[in-house]
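Okay, structure first, notes after.
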Amino acid sequence: AAAAAAPATTAAALTKDAKHLEATDVIRLAGKVVKGFGRGSKDLGTPTANLDPKAFGSVLDDSQSGVYFGWASIDDGPVYKTVLSIGYNPYFQNKERTVEAYLLHEFDDDFYGAHMKLLICGWLRAQLNFDSMDALIAAIKNDVSVGDRMLSESPSKELQSDKLFSVSSSS
């Protein structure tokens, strides 16, 4: 199904209904980081870690596509704030559903093949089509800003120490 075009409005207006998820609606995923389309760093300025579809196929079948916020760790390392997209990315007309997480941390190297744990604890907005790449980039920057702020608030901030992150990936 084609996503509706984003209304001609400010990027901030797109996240006016952002919310923390109820504890029972929090989503926990874990799997390998795989190569994506290569657009995150190059085109959008937000490098993403793409979760292997095998890690979310059945878990997310009933989930709404959209832009979310949460927490992520790579190879049992530190837990970082993340803003992520779940869905088909209508601007790029993807044919496959993806989970693409932008971790709010500067990494020195790529980590393809690493094990990522992902906890999704808040919703920012629906996925939308945009009239231009600039409008998409403005929306992503706003998503990151709002997600960062909301992850500093209860109840989401407490989830940084969720049990998901205390269990070793190798066990």
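By order of appearance in the structure tokens: chains A, B, ..., then residues from 1 within every chain, and ligands from 1 in the order shown.
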Chain A: residues DSSP assigns to helix (DSSP H, G or I), reported as a PyMOL selection string: chain A and resi 11-14+23-25+40-44+53-55+133-150+157-161+163-166
Shortest interatomic distance to Asn89 (chain A) - which of A:Phe56, A:Trp123, A:Phe130, A:Tyr112, counting only C-alpha atoms: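 Checking each candidate against Asn89 (chain A), we get A:Phe130 as the closest.
Excluding Lys19 (chain A) itself and any same-chain residue fewer than 3 positions from it, the protein and nucleic acid residues within 10 Å of it, counting only C-alpha atoms, are Thr15, Lys16, Glu22, Tyr68, Phe69, Cys121, Gly122, Trp123, Leu124, Arg125, Gly147, Met150 and Ser156 of chain A.
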Please provide as an mmCIF file with C-alpha atoms, in the first residue's frame all residues within 12 Å of Lys32 (chain A), with the sequence filter that same-chain residues fewer than 3 positions apart are discarded (counting only C-alpha atoms).
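Heads up, here's the output in selection-v3.cif:
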data_model
loop_
_atom_site.group_PDB
_atom_site.id
_atom_site.type_symbol
_atom_site.label_atom_id
_atom_site.label_comp_id
_atom_site.auth_asym_id
_atom_site.auth_seq_id
_atom_site.Cartn_x
_atom_site.Cartn_y
_atom_site.Cartn_z
ATOM 1 C CA LEU A 29 14.507 -7.725 19.059
ATOM 2 C CA LYS A 35 24.034 -4.376 4.829
ATOM 3 C CA ALA A 49 22.250 -0.440 11.464
ATOM 4 C CA ASN A 50 19.892 -2.699 9.558
ATOM 5 C CA LEU A 51 18.557 -5.679 11.477
ATOM 6 C CA ASP A 52 18.518 -9.019 9.687
ATOM 7 C CA PRO A 53 14.884 -9.648 8.593
ATOM 8 C CA LYS A 54 15.066 -13.118 10.199
ATOM 9 C CA ALA A 55 15.171 -11.339 13.574
ATOM 10 C CA PHE A 56 11.840 -9.553 13.176
ATOM 11 C CA SER A 73 23.535 -2.305 21.914
ATOM 12 C CA ILE A 74 26.096 -3.842 19.595
ATOM 13 C CA ASP A 75 27.894 -7.067 20.612
ATOM 14 C CA VAL A 99 14.177 -2.269 10.563
ATOM 15 C CA PHE A 111 29.741 -3.260 12.399
ATOM 16 C CA TYR A 112 28.153 -5.476 9.761
ATOM 17 C CA GLY A 113 27.755 -8.995 11.096
ATOM 18 C CA ALA A 114 27.694 -7.796 14.723
ATOM 19 C CA HIS A 115 24.861 -8.802 17.076
ATOM 20 C CA MET A 116 22.419 -5.966 17.787
ATOM 21 C CA LYS A 117 19.875 -5.904 20.589
ATOM 22 C CA LEU A 118 17.048 -3.453 20.069
ATOM 23 C CA SER A 169 24.339 -12.638 23.209
#
Which residue of A:Ala12, A:Leu119, A:Gly36, A:Glu106 approaches Glu158 (chain A) most closely, using only C-alpha atoms: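 For Glu158 (chain A), the nearest of the given residues is A:Leu119.
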Shell around Ile140 (chain A) at 10 Å using only C-alpha atoms, local window under 3 positions removed, as number ranges by chain: A: 11, 44-46, 67, 83-85, 134-137, 143-146
Per-residue DSSP, region 14-170 of chain A, filtered to strand (DSSP E), as a ChimeraX atom specification: /A:19-20,27-34,49-51,66-74,79-87,98-103,115-125
Shortest interatomic distance to Thr82 (chain A) - which of A:Thr48, A:Thr10, A:Asn142, A:Gln64, counting only C-alpha atoms: A:Thr48
Residue with smallest distance to Asp76 (chain A) - pool A:Ala30, A:Ala126, A:Ala139, A:Ala13, counting only C-alpha atoms: A:Ala30
Which of A:Ile86, A:Gly70, A:Ser58, A:Pro47 sits closest to His105 (chain A) [using only C-alpha atoms]: A:Pro47
Contacts of Ser161 (chain A) within 12 Å, only C-alpha atoms, excl. fewer than 2 positions in-chain, as a PyMOL selection string: chain A and resi 70-73+78-81+119+155-159+163-167
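Here CA of His20 (chain A) and CA of Gln93 (chain A) stand 28.0 Å from one another.
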